[in-house]
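Below is input_36.tsv, which holds TSV, C-alpha atoms and all ligand atoms.
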```tsv
chain	number	residue	atom	x	y	z
I	19	MET	CA	208.20	93.38	153.50
I	20	VAL	CA	205.83	93.96	150.57
I	21	ASN	CA	203.01	96.42	151.21
I	22	LEU	CA	200.15	96.69	148.73
I	23	TRP	CA	197.96	99.79	148.49
I	24	ALA	CA	194.73	100.72	146.75
I	25	TRP	CA	193.69	104.25	145.89
I	26	THR	CA	191.48	106.26	143.57
I	27	ASP	CA	192.89	109.19	141.61
I	28	GLU	CA	191.30	112.62	140.95
I	29	THR	CA	189.55	111.25	137.86
I	30	GLY	CA	188.00	108.35	139.77
I	31	LEU	CA	190.30	105.64	138.38
I	32	SER	CA	191.46	102.87	140.71
I	33	HIS	CA	195.11	102.08	141.24
I	34	ALA	CA	197.11	99.42	143.05
I	35	GLY	CA	200.64	99.99	144.23
I	36	MET	CA	203.45	98.36	146.15
I	37	SER	CA	206.13	99.59	148.52
I	38	HIS	CA	208.59	98.20	150.99
I	39	GLY	CA	207.22	99.29	154.33
I	40	PRO	CA	204.40	101.69	155.15
I	41	THR	CA	206.11	104.98	154.32
I	42	GLY	CA	207.92	106.50	151.35
I	43	GLU	CA	207.16	105.90	147.73
I	44	ALA	CA	205.13	103.32	145.88
I	45	LEU	CA	205.30	101.73	142.47
I	46	ASP	CA	201.95	102.11	140.73
I	47	LEU	CA	201.61	98.54	139.42
I	48	ALA	CA	200.01	99.81	136.21
I	49	TYR	CA	203.54	100.90	135.20
I	50	ALA	CA	204.58	97.25	135.36
I	51	ASP	CA	201.45	95.83	133.72
I	52	ALA	CA	198.79	98.21	132.43
I	53	ARG	CA	196.00	95.79	133.32
I	54	ILE	CA	196.58	96.07	137.08
I	55	ASP	CA	194.18	98.53	138.67
I	56	SER	CA	193.44	96.61	141.88
I	57	ILE	CA	194.90	94.01	144.22
I	58	ASP	CA	192.23	91.62	143.01
I	59	THR	CA	193.47	91.95	139.40
I	60	LEU	CA	197.04	91.49	140.59
I	61	TRP	CA	196.00	88.28	142.37
I	62	ARG	CA	193.99	86.97	139.41
I	63	LEU	CA	196.80	87.58	136.91
I	64	PHE	CA	199.89	86.88	139.00
I	65	GLY	CA	198.75	85.26	142.27
I	66	GLY	CA	200.52	82.11	143.44
I	67	PRO	CA	203.86	81.14	144.93
I	68	ASN	CA	205.81	83.49	142.64
I	69	LEU	CA	203.91	86.66	143.46
I	70	VAL	CA	206.56	88.15	145.76
I	71	HIS	CA	209.27	87.38	143.22
I	72	THR	CA	207.21	88.95	140.42
I	73	LEU	CA	206.65	92.10	142.46
I	74	GLU	CA	210.33	92.34	143.42
I	75	THR	CA	211.32	92.00	139.77
I	76	TRP	CA	208.99	94.84	138.80
I	77	TRP	CA	210.32	96.96	141.66
I	78	GLN	CA	213.87	96.54	140.27
I	79	ARG	CA	212.92	96.95	136.64
I	80	VAL	CA	210.45	99.85	136.73
I	81	SER	CA	211.81	103.07	138.15
I	82	GLN	CA	208.67	105.28	138.31
I	83	ARG	CA	207.53	105.98	141.86
I	84	VAL	CA	204.66	107.96	143.36
I	85	PRO	CA	204.33	109.22	146.93
I	86	ILE	CA	201.91	106.95	148.82
I	87	PRO	CA	198.68	108.92	148.29
I	88	GLU	CA	197.60	108.97	151.96
I	89	SER	CA	194.42	110.99	151.45
I	90	ARG	CA	193.17	108.83	148.57
I	91	LEU	CA	193.62	105.36	150.04
I	92	GLY	CA	190.69	102.98	150.27
I	93	VAL	CA	190.05	99.56	151.78
I	94	PRO	CA	193.00	97.65	150.25
I	95	VAL	CA	190.89	95.05	148.49
I	96	ALA	CA	187.15	94.90	147.75
I	97	LEU	CA	185.85	92.61	150.47
I	98	THR	CA	182.91	90.24	150.38
I	99	GLU	CA	182.76	89.87	154.17
I	100	CYS	CA	184.44	90.97	157.34
I	101	TRP	CA	184.57	88.62	160.34
I	102	ALA	CA	186.10	89.05	163.77
I	103	ALA	CA	187.51	86.93	166.55
I	104	GLY	CA	186.94	87.73	170.21
I	105	VAL	CA	188.62	87.26	173.57
I	106	THR	CA	191.93	86.25	172.05
I	107	TYR	CA	193.97	88.23	174.61
I	108	ALA	CA	193.73	88.07	178.40
I	109	MET	CA	193.16	91.82	178.50
I	110	SER	CA	189.99	91.54	176.41
I	111	ARG	CA	188.76	88.71	178.64
I	112	ASP	CA	189.44	90.67	181.83
I	113	ALA	CA	187.78	93.86	180.61
I	114	ARG	CA	184.69	91.95	179.57
I	115	VAL	CA	184.50	89.96	182.78
I	116	GLU	CA	184.49	93.32	184.58
I	117	GLU	CA	181.88	95.11	182.47
I	118	THR	CA	179.44	92.30	181.89
I	119	GLN	CA	176.39	91.47	183.98
I	120	GLY	CA	176.10	87.77	184.74
I	121	ALA	CA	177.99	86.37	181.77
I	122	GLU	CA	181.54	86.49	183.17
I	123	ALA	CA	181.94	82.70	182.97
I	124	PHE	CA	181.37	82.73	179.22
I	125	TYR	CA	184.28	85.07	178.56
I	126	ARG	CA	186.59	83.02	180.81
I	127	LYS	CA	185.51	79.82	179.11
I	128	VAL	CA	185.89	81.08	175.56
I	129	TYR	CA	189.40	82.40	176.24
I	130	ASP	CA	190.49	78.92	177.38
I	131	ALA	CA	188.40	76.86	174.98
I	132	GLN	CA	189.75	75.06	171.96
I	133	ARG	CA	187.12	76.66	169.69
I	134	PRO	CA	187.68	80.40	169.28
I	135	GLU	CA	184.91	82.98	169.34
I	136	LEU	CA	184.21	84.15	165.78
I	137	PHE	CA	181.48	86.53	164.76
I	138	PHE	CA	180.25	88.20	161.61
I	139	LYS	CA	181.21	91.87	161.60
I	140	ALA	CA	180.08	93.41	158.30
I	141	PRO	CA	179.36	92.74	154.65
I	142	GLY	CA	182.44	93.82	152.72
I	143	THR	CA	180.69	96.74	151.05
I	144	ARG	CA	180.00	98.26	154.48
I	145	VAL	CA	183.62	98.22	155.66
I	146	VAL	CA	185.22	101.66	155.57
I	147	GLY	CA	188.82	102.56	154.76
I	148	PRO	CA	191.55	104.89	156.05
I	149	GLY	CA	190.42	108.44	156.75
I	150	ALA	CA	186.71	107.55	156.69
I	151	GLU	CA	184.36	108.18	159.58
I	152	VAL	CA	183.66	105.33	161.96
I	153	GLY	CA	180.20	105.22	163.46
I	154	LEU	CA	178.96	105.83	166.99
I	155	ARG	CA	175.64	104.32	168.02
I	156	ARG	CA	173.11	106.86	169.21
I	157	ASP	CA	171.72	104.43	171.79
I	158	SER	CA	175.05	103.69	173.50
I	159	ARG	CA	176.84	105.62	176.24
I	160	TRP	CA	180.10	103.66	176.24
I	161	GLN	CA	181.85	103.10	172.93
I	162	VAL	CA	185.42	102.22	172.10
I	163	PRO	CA	187.58	101.33	169.13
I	164	GLU	CA	189.25	97.92	169.14
I	165	PRO	CA	192.61	97.85	167.32
I	166	GLU	CA	193.19	94.46	165.75
I	167	LEU	CA	195.68	92.74	163.51
I	168	THR	CA	193.51	91.66	160.59
I	169	LEU	CA	193.95	88.72	158.25
I	170	VAL	CA	193.00	89.03	154.60
I	171	LEU	CA	191.99	85.77	152.95
I	172	ASP	CA	191.94	85.49	149.18
I	173	PRO	CA	188.87	84.15	147.34
I	174	GLU	CA	190.30	80.63	147.71
I	175	GLY	CA	190.44	80.99	151.49
I	176	GLN	CA	194.24	81.25	151.65
I	177	LEU	CA	195.93	83.75	153.93
I	178	PHE	CA	197.04	86.47	151.52
I	179	GLY	CA	198.11	89.22	153.87
I	180	PHE	CA	197.76	91.35	156.96
I	181	THR	CA	196.18	94.70	157.53
I	182	ILE	CA	194.82	96.74	160.44
I	183	GLY	CA	191.22	96.58	161.61
I	184	ASN	CA	189.13	98.69	163.95
I	185	ASP	CA	186.32	96.64	165.50
I	186	MET	CA	184.18	99.51	166.84
I	187	SER	CA	182.23	98.29	169.85
I	188	SER	CA	179.62	99.35	172.32
I	189	ARG	CA	180.69	98.22	175.79
I	190	ASP	CA	177.44	99.04	177.58
I	191	ILE	CA	175.27	97.15	175.10
I	192	GLU	CA	177.54	94.08	175.17
I	193	GLY	CA	177.86	94.33	178.96
I	194	GLU	CA	174.11	94.47	179.50
I	195	ASN	CA	173.44	91.11	177.91
I	196	LEU	CA	175.70	88.81	175.90
I	197	LEU	CA	172.83	88.18	173.48
I	198	TYR	CA	173.12	91.82	172.47
I	199	LEU	CA	176.59	91.16	171.03
I	200	PRO	CA	175.47	91.63	167.39
I	201	GLN	CA	174.08	95.08	168.24
I	202	ALA	CA	177.24	95.95	170.17
I	203	LYS	CA	179.35	95.03	167.16
I	204	ILE	CA	177.34	95.49	163.96
I	205	PHE	CA	176.17	98.99	163.16
I	206	HIS	CA	176.74	101.61	160.48
I	207	HIS	CA	180.49	102.17	159.87
I	208	SER	CA	181.51	99.86	162.72
I	209	ALA	CA	184.35	98.22	160.77
I	210	ALA	CA	187.39	100.03	159.37
I	211	ILE	CA	190.29	98.40	157.54
I	212	GLY	CA	193.62	99.60	156.09
I	213	PRO	CA	195.83	101.34	155.18
I	214	SER	CA	198.11	98.77	153.47
I	215	LEU	CA	197.95	95.04	152.96
I	216	VAL	CA	201.25	93.34	153.70
I	217	LEU	CA	201.78	90.07	151.86
I	218	ALA	CA	201.65	87.20	154.36
I	219	GLU	CA	204.94	85.70	153.22
I	220	THR	CA	206.74	88.95	153.96
I	221	LEU	CA	205.61	89.63	157.54
I	222	ASP	CA	205.91	87.48	160.65
I	223	PRO	CA	202.74	88.27	162.66
I	224	ARG	CA	203.94	86.77	165.94
I	225	ASN	CA	205.48	89.83	167.58
I	226	LEU	CA	204.10	93.01	166.09
I	227	GLU	CA	203.46	96.10	168.17
I	228	ILE	CA	199.90	97.42	168.08
I	229	ARG	CA	199.56	101.01	169.27
I	230	MET	CA	196.35	102.98	169.59
I	231	VAL	CA	196.10	106.70	170.24
I	232	ILE	CA	192.73	108.39	170.80
I	233	GLU	CA	192.70	112.19	170.62
I	234	ARG	CA	189.95	114.65	171.42
I	235	GLN	CA	190.79	118.00	169.85
I	236	ASP	CA	194.39	118.49	171.00
I	237	ARG	CA	194.20	116.23	174.04
I	238	VAL	CA	195.41	112.63	174.10
I	239	LEU	CA	192.67	110.58	175.79
I	240	PHE	CA	194.39	107.23	175.46
I	241	ASP	CA	197.76	105.98	174.28
I	242	GLY	CA	198.41	102.26	174.66
I	243	ARG	CA	200.61	99.57	173.18
I	244	ILE	CA	200.59	95.81	173.15
I	245	THR	CA	202.26	93.11	171.11
I	246	THR	CA	200.68	90.29	169.15
I	247	ALA	CA	202.99	87.93	171.06
I	248	GLN	CA	200.31	88.03	173.76
I	249	MET	CA	197.62	86.62	171.47
I	250	ARG	CA	196.34	83.23	172.59
I	251	ARG	CA	195.40	82.14	169.05
I	252	THR	CA	197.27	81.89	165.77
I	253	PRO	CA	196.15	83.19	162.36
I	254	GLU	CA	196.07	79.58	161.10
I	255	GLU	CA	193.81	78.48	163.93
I	256	LEU	CA	191.34	81.34	163.42
I	257	THR	CA	191.29	80.82	159.66
I	258	ARG	CA	190.76	77.08	160.07
I	259	TYR	CA	187.72	77.59	162.27
I	260	LEU	CA	186.26	80.27	160.01
I	261	CYS	CA	186.61	78.11	156.90
I	262	MET	CA	185.53	74.86	158.56
I	263	GLU	CA	181.86	75.11	157.63
I	264	TRP	CA	181.91	78.37	155.70
I	265	PRO	CA	183.34	78.23	152.18
I	266	ILE	CA	185.00	81.56	151.51
I	267	GLU	CA	183.41	83.55	148.70
I	268	GLY	CA	185.53	86.47	147.62
I	269	TRP	CA	188.02	88.47	149.66
I	270	THR	CA	187.43	88.10	153.40
I	271	ALA	CA	188.85	90.03	156.34
I	272	LEU	CA	189.19	88.43	159.76
I	273	MET	CA	189.98	90.72	162.69
I	274	THR	CA	191.95	88.78	165.30
I	275	GLY	CA	190.76	90.40	168.53
I	276	THR	CA	191.79	93.28	170.71
I	277	ALA	CA	194.33	93.58	173.46
I	278	LEU	CA	193.91	97.28	174.10
I	279	VAL	CA	190.93	98.32	176.15
I	280	PRO	CA	190.82	101.96	177.29
I	281	PRO	CA	190.00	102.59	180.96
I	282	ALA	CA	186.31	102.49	181.90
I	283	ASP	CA	185.92	106.29	181.99
I	284	ILE	CA	186.76	106.64	178.28
I	285	SER	CA	184.00	106.60	175.71
I	286	LEU	CA	184.34	107.91	172.17
I	287	ASP	CA	182.63	111.12	171.18
I	288	GLU	CA	181.97	113.04	167.96
I	289	GLY	CA	185.18	114.08	166.22
I	290	ASP	CA	187.56	111.90	168.25
I	291	ARG	CA	190.57	110.82	166.23
I	292	ILE	CA	191.57	107.16	166.43
I	293	ALA	CA	195.01	106.19	165.14
I	294	ILE	CA	195.99	102.52	165.14
I	295	THR	CA	199.54	101.64	164.16
I	296	ILE	CA	200.89	98.13	163.60
I	297	THR	CA	204.56	97.51	162.86
I	298	GLY	CA	205.14	97.32	159.12
I	299	ILE	CA	201.52	97.89	158.09
I	300	GLY	CA	201.14	101.61	158.82
I	301	THR	CA	198.56	103.72	160.65
I	302	LEU	CA	194.83	103.40	160.23
I	303	MET	CA	193.28	106.77	161.10
I	304	ASN	CA	189.56	107.38	161.43
I	305	ARG	CA	187.35	109.92	163.17
I	306	ALA	CA	184.31	108.94	165.17
I	307	ARG	CA	180.90	110.33	164.30
I	308	ARG	CA	177.36	109.68	165.40
I	309	ILE	CA	176.35	109.12	161.78
I	310	GLY	CA	172.95	107.77	162.70
I	311	PRO	CA	170.44	106.71	160.09
I	312	THR	CA	168.13	109.65	159.49
I	313	TRP	CA	165.39	107.24	158.44
I	314	ALA	CA	165.01	105.65	161.89
I	315	LYS	CA	163.83	107.16	165.16
I	316	VAL	CA	166.09	105.81	167.89
I	317	PRO	CA	165.40	106.71	171.53
I	318	ALA	CA	168.15	108.99	172.85
I	319	SER	CA	170.41	107.36	175.43
I	320	GLU	CA	169.43	107.97	179.05
M	1	LIG	O1	183.26	88.66	173.06
M	1	LIG	C1	182.99	89.67	172.50
M	1	LIG	C2	183.80	90.38	171.51
M	1	LIG	C3	185.26	90.34	171.81
M	1	LIG	C4	186.10	91.14	170.88
M	1	LIG	O2	185.65	91.77	169.95
M	1	LIG	C5	187.56	91.18	171.10
M	1	LIG	O3	188.07	90.55	172.03
M	1	LIG	O4	188.24	91.85	170.32
M	2	MG	MG	187.19	92.97	168.84
```
Conversion result in C-alpha cells:
Amino acid sequence: MVNLWAWTDETGLSHAGMSHGPTGEALDLAYADARIDSIDTLWRLFGGPNLVHTLETWWQRVSQRVPIPESRLGVPVALTECWAAGVTYAMSRDARVEETQGAEAFYRKVYDAQRPELFFKAPGTRVVGPGAEVGLRRDSRWQVPEPELTLVLDPEGQLFGFTIGNDMSSRDIEGENLLYLPQAKIFHHSAAIGPSLVLAETLDPRNLEIRMVIERQDRVLFDGRITTAQMRRTPEELTRYLCMEWPIEGWTALMTGTALVPPADISLDEGDRIAITITGIGTLMNRARRIGPTWAKVPASE
C-alpha cells in the first residue's frame, strides 16, 4: 500500500510525502527529487504506469524519514471539484425512505436504477482537510456526517487513488423536499477530505471497513462500522457516469455514498468530534461548528 500525504511546514512551505500504511514515518519526497512539493508535481513529473515502482525505488534508496505530521496535513491534492454519489448502500436508501416526505419512491428507484445518483458537492477550494472544522447549517435541526470512501481522479480523469470523505448533510432539509437536496448538501465547510491518498493500484476498495465515531465532550454518541463490500456500485461505474458528459478539469474527488446513518435522535452540535477511519487510508478527524456566514441574516431554526 502506498499512501501519499500533503502538509505545510512552519515556514508555510508545502511538502508531499509517502508511507506504507497510514501510521508511522513518511519519506518527504523532496529528499528524492527536490522539485516535488505536492502530489500534483509528483504526478506531472512521474505519473504513469511506473509511478508505484518509482516511489518504491525512492523508499529503498533514500533513508531520511519524518513522522507523519498529523497536525499539519491538508487536503491531499488541490482539487478543482468535489462530487458525490448517493444511495449506493441499502442503509442510505432505507434511512432516506424513512425520513423523507412523499419522495420515498425516488430513493428506492435510484438505488435499483442503472444510472447512479451523482451530485455536485463543492468547488475544490471549498473542501476542507483533516483537523479543520466542518460546518453546521444554522437553519437545520438535524445534521449528520456521512463517512464515504472517496475516489480521487487525476486531471486526465483516471482513478489515481482513494481517500476518505465526509459528506456533511442536513437530514431535515433533504427530508422536507427532495428539491432541497442542494441546500441539504452544499453549504460552508460541508465537504472534508483526507488524511492520506492511497494509490489506486495499491489498495483493493472492495472490502474496506469504514468506521465512524461521533463524540460529544467525553461521551461517544455514535460508533458504527460497515464494509464497502455492501456498496451497490463500483468505483469504475461511478467514474464512468461522472465523466460521461463532464470532461474532468483538474483533480476531482468523488465521494461514493454513505452506509452509516446514525439513529434519528442524533444530530451534530457545536464541538462534536467526528472520526472516520477506513482501512489503510487512516482517520479523518473534524469538529463540527456552526460557522455561519456573518454577512447573512438567516432565520433561527424553530
Ligand atoms: O440522495 C441523497 C443523497 C444521498 C447521499 O449522500 C448518500 O447516500 O451518501
Ligand atoms: Mg452522502
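The interatomic distance for the pair CA of Ile204 (chain I) and CA of Ile292 (chain I) works out to 18.6 Å.
Contacts with ligand LIG 1 (chain M) are defined as any residue atom within 6 Å of a ligand atom, using only C-alpha atoms and all ligand atoms; the residues meeting this criterion are Gly104, Val105, Thr106, Ser110, Gly275 and Thr276 of chain I.
Closest approach to ligand MG 2 (chain M) among I:Glu151, I:Glu116, I:Asp157, I:Glu164 is made by I:Glu164 (distances from only C-alpha atoms and all ligand atoms).
The contact shell of ligand MG 2 (chain M), defined as all polymer residues within 10 Å when only C-alpha atoms and all ligand atoms are used, comprises Trp101, Ala102, Ala103, Gly104, Val105, Thr106, Ser110, Leu136, Phe137, Lys139, Val162, Pro163, Glu164, Pro165, Glu166, Gly183, Asn184, Asp185, Met186, Ser187, Lys203, Met273, Thr274, Gly275, Thr276, Ala277, Leu278 and Val279 of chain I.
When only C-alpha atoms are used to measure the gap to His71 (chain I), the shortest distance among I:Ile296, I:Ala150, I:Val20, I:Val128 belongs to I:Val20.
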Dump as CSV the rows for residues of region 200-237 of chain I within 7 Å of region 74-97 of chain I: closest atom pair and distance in Å with one decimal, only C-alpha atoms counted, ordered by chain and rising residue number.
```
residue,atom,partner,partner_atom,distance
I:Ile211,CA,I:Val93,CA,5.9
I:Gly212,CA,I:Val93,CA,5.6
I:Pro213,CA,I:Pro94,CA,6.8
I:Ser214,CA,I:Pro94,CA,6.1
I:Leu215,CA,I:Pro94,CA,6.2
```
Spatial neighbours of region 269-272 of chain I, 6 Å, all atoms listed in the file, chain gap at least 2 places, as a ChimeraX atom specification: /I:97-102,168-173
Point-to-point distance in Å for CA of Ala282 (chain I) and CA of Gly120 (chain I): 18.1 Å
Serialized region 173-185 of chain I w/ all heavy atoms as a CSV table (one decimal), in the first residue's frame:
```
chain,number,residue,atom,x,y,z
I,173,PRO,N,-6.1,14.8,-13.3
I,173,PRO,CA,-6.6,15.8,-14.3
I,173,PRO,C,-7.0,15.1,-15.7
I,173,PRO,O,-7.6,15.8,-16.5
I,173,PRO,CB,-5.5,16.8,-14.4
I,173,PRO,CG,-4.8,16.7,-13.1
I,173,PRO,CD,-4.8,15.3,-12.7
I,174,GLU,N,-6.6,13.9,-15.9
I,174,GLU,CA,-7.0,13.2,-17.1
I,174,GLU,C,-8.2,12.3,-16.9
I,174,GLU,O,-8.6,11.6,-17.8
I,174,GLU,CB,-5.8,12.4,-17.7
I,174,GLU,CG,-4.7,13.3,-18.2
I,174,GLU,CD,-3.5,12.6,-18.6
I,174,GLU,OE1,-3.4,11.4,-18.4
I,174,GLU,OE2,-2.5,13.3,-19.1
I,175,GLY,N,-8.8,12.4,-15.7
I,175,GLY,CA,-10.0,11.6,-15.4
I,175,GLY,C,-9.7,10.2,-15.0
I,175,GLY,O,-10.7,9.4,-15.0
I,176,GLN,N,-8.5,9.8,-14.8
I,176,GLN,CA,-8.2,8.4,-14.4
I,176,GLN,C,-8.2,8.3,-12.9
I,176,GLN,O,-7.8,9.2,-12.2
I,176,GLN,CB,-6.7,8.1,-14.9
I,176,GLN,CG,-6.6,8.1,-16.4
I,176,GLN,CD,-7.5,7.2,-17.1
I,176,GLN,OE1,-7.7,6.1,-16.8
I,176,GLN,NE2,-8.2,7.8,-18.1
I,177,LEU,N,-8.6,7.1,-12.4
I,177,LEU,CA,-8.7,6.9,-11.0
I,177,LEU,C,-7.2,6.8,-10.5
I,177,LEU,O,-6.5,6.0,-10.9
I,177,LEU,CB,-9.4,5.6,-10.7
I,177,LEU,CG,-9.5,5.2,-9.2
I,177,LEU,CD1,-10.2,6.2,-8.4
I,177,LEU,CD2,-10.1,3.8,-9.1
I,178,PHE,N,-6.9,7.8,-9.6
I,178,PHE,CA,-5.5,7.9,-9.1
I,178,PHE,C,-5.4,7.3,-7.8
I,178,PHE,O,-4.4,6.6,-7.4
I,178,PHE,CB,-5.1,9.4,-9.1
I,178,PHE,CG,-3.7,9.6,-8.7
I,178,PHE,CD1,-2.6,9.4,-9.6
I,178,PHE,CD2,-3.4,10.1,-7.4
I,178,PHE,CE1,-1.3,9.6,-9.2
I,178,PHE,CE2,-2.0,10.3,-7.0
I,178,PHE,CZ,-1.0,10.1,-7.9
I,179,GLY,N,-6.4,7.5,-6.9
I,179,GLY,CA,-6.3,6.9,-5.6
I,179,GLY,C,-7.6,7.0,-4.8
I,179,GLY,O,-8.6,7.5,-5.3
I,180,PHE,N,-7.5,6.6,-3.5
I,180,PHE,CA,-8.6,6.6,-2.6
I,180,PHE,C,-8.3,7.5,-1.4
I,180,PHE,O,-7.1,7.5,-0.9
I,180,PHE,CB,-8.9,5.2,-2.1
I,180,PHE,CG,-9.2,4.3,-3.3
I,180,PHE,CD1,-8.2,3.4,-3.7
I,180,PHE,CD2,-10.5,4.3,-3.9
I,180,PHE,CE1,-8.5,2.5,-4.8
I,180,PHE,CE2,-10.7,3.4,-4.9
I,180,PHE,CZ,-9.8,2.5,-5.4
I,181,THR,N,-9.3,8.2,-0.9
I,181,THR,CA,-9.2,8.9,0.4
I,181,THR,C,-10.5,8.7,1.1
I,181,THR,O,-11.3,7.9,0.8
I,181,THR,CB,-8.7,10.3,0.1
I,181,THR,OG1,-8.4,10.9,1.4
I,181,THR,CG2,-9.8,11.2,-0.6
I,182,ILE,N,-10.6,9.5,2.2
I,182,ILE,CA,-11.8,9.5,3.0
I,182,ILE,C,-12.6,10.8,2.8
I,182,ILE,O,-11.9,11.8,2.7
I,182,ILE,CB,-11.5,9.3,4.5
I,182,ILE,CG1,-10.7,8.0,4.7
I,182,ILE,CG2,-12.8,9.3,5.3
I,182,ILE,CD1,-10.2,7.8,6.2
I,183,GLY,N,-13.9,10.7,2.7
I,183,GLY,CA,-14.7,11.9,2.6
I,183,GLY,C,-15.8,12.0,3.6
I,183,GLY,O,-16.3,10.9,4.1
I,184,ASN,N,-16.1,13.2,4.1
I,184,ASN,CA,-17.2,13.4,4.9
I,184,ASN,C,-18.2,14.3,4.2
I,184,ASN,O,-17.9,15.5,4.0
I,184,ASN,CB,-16.8,14.1,6.3
I,184,ASN,CG,-17.9,14.4,7.2
I,184,ASN,OD1,-19.1,14.2,6.8
I,184,ASN,ND2,-17.6,14.8,8.4
I,185,ASP,N,-19.3,13.7,3.8
I,185,ASP,CA,-20.4,14.4,3.1
I,185,ASP,C,-21.4,15.0,4.1
I,185,ASP,O,-22.4,14.4,4.3
I,185,ASP,CB,-21.0,13.4,2.1
I,185,ASP,CG,-22.3,13.9,1.4
I,185,ASP,OD1,-22.4,15.2,1.3
I,185,ASP,OD2,-23.1,13.1,1.0
```
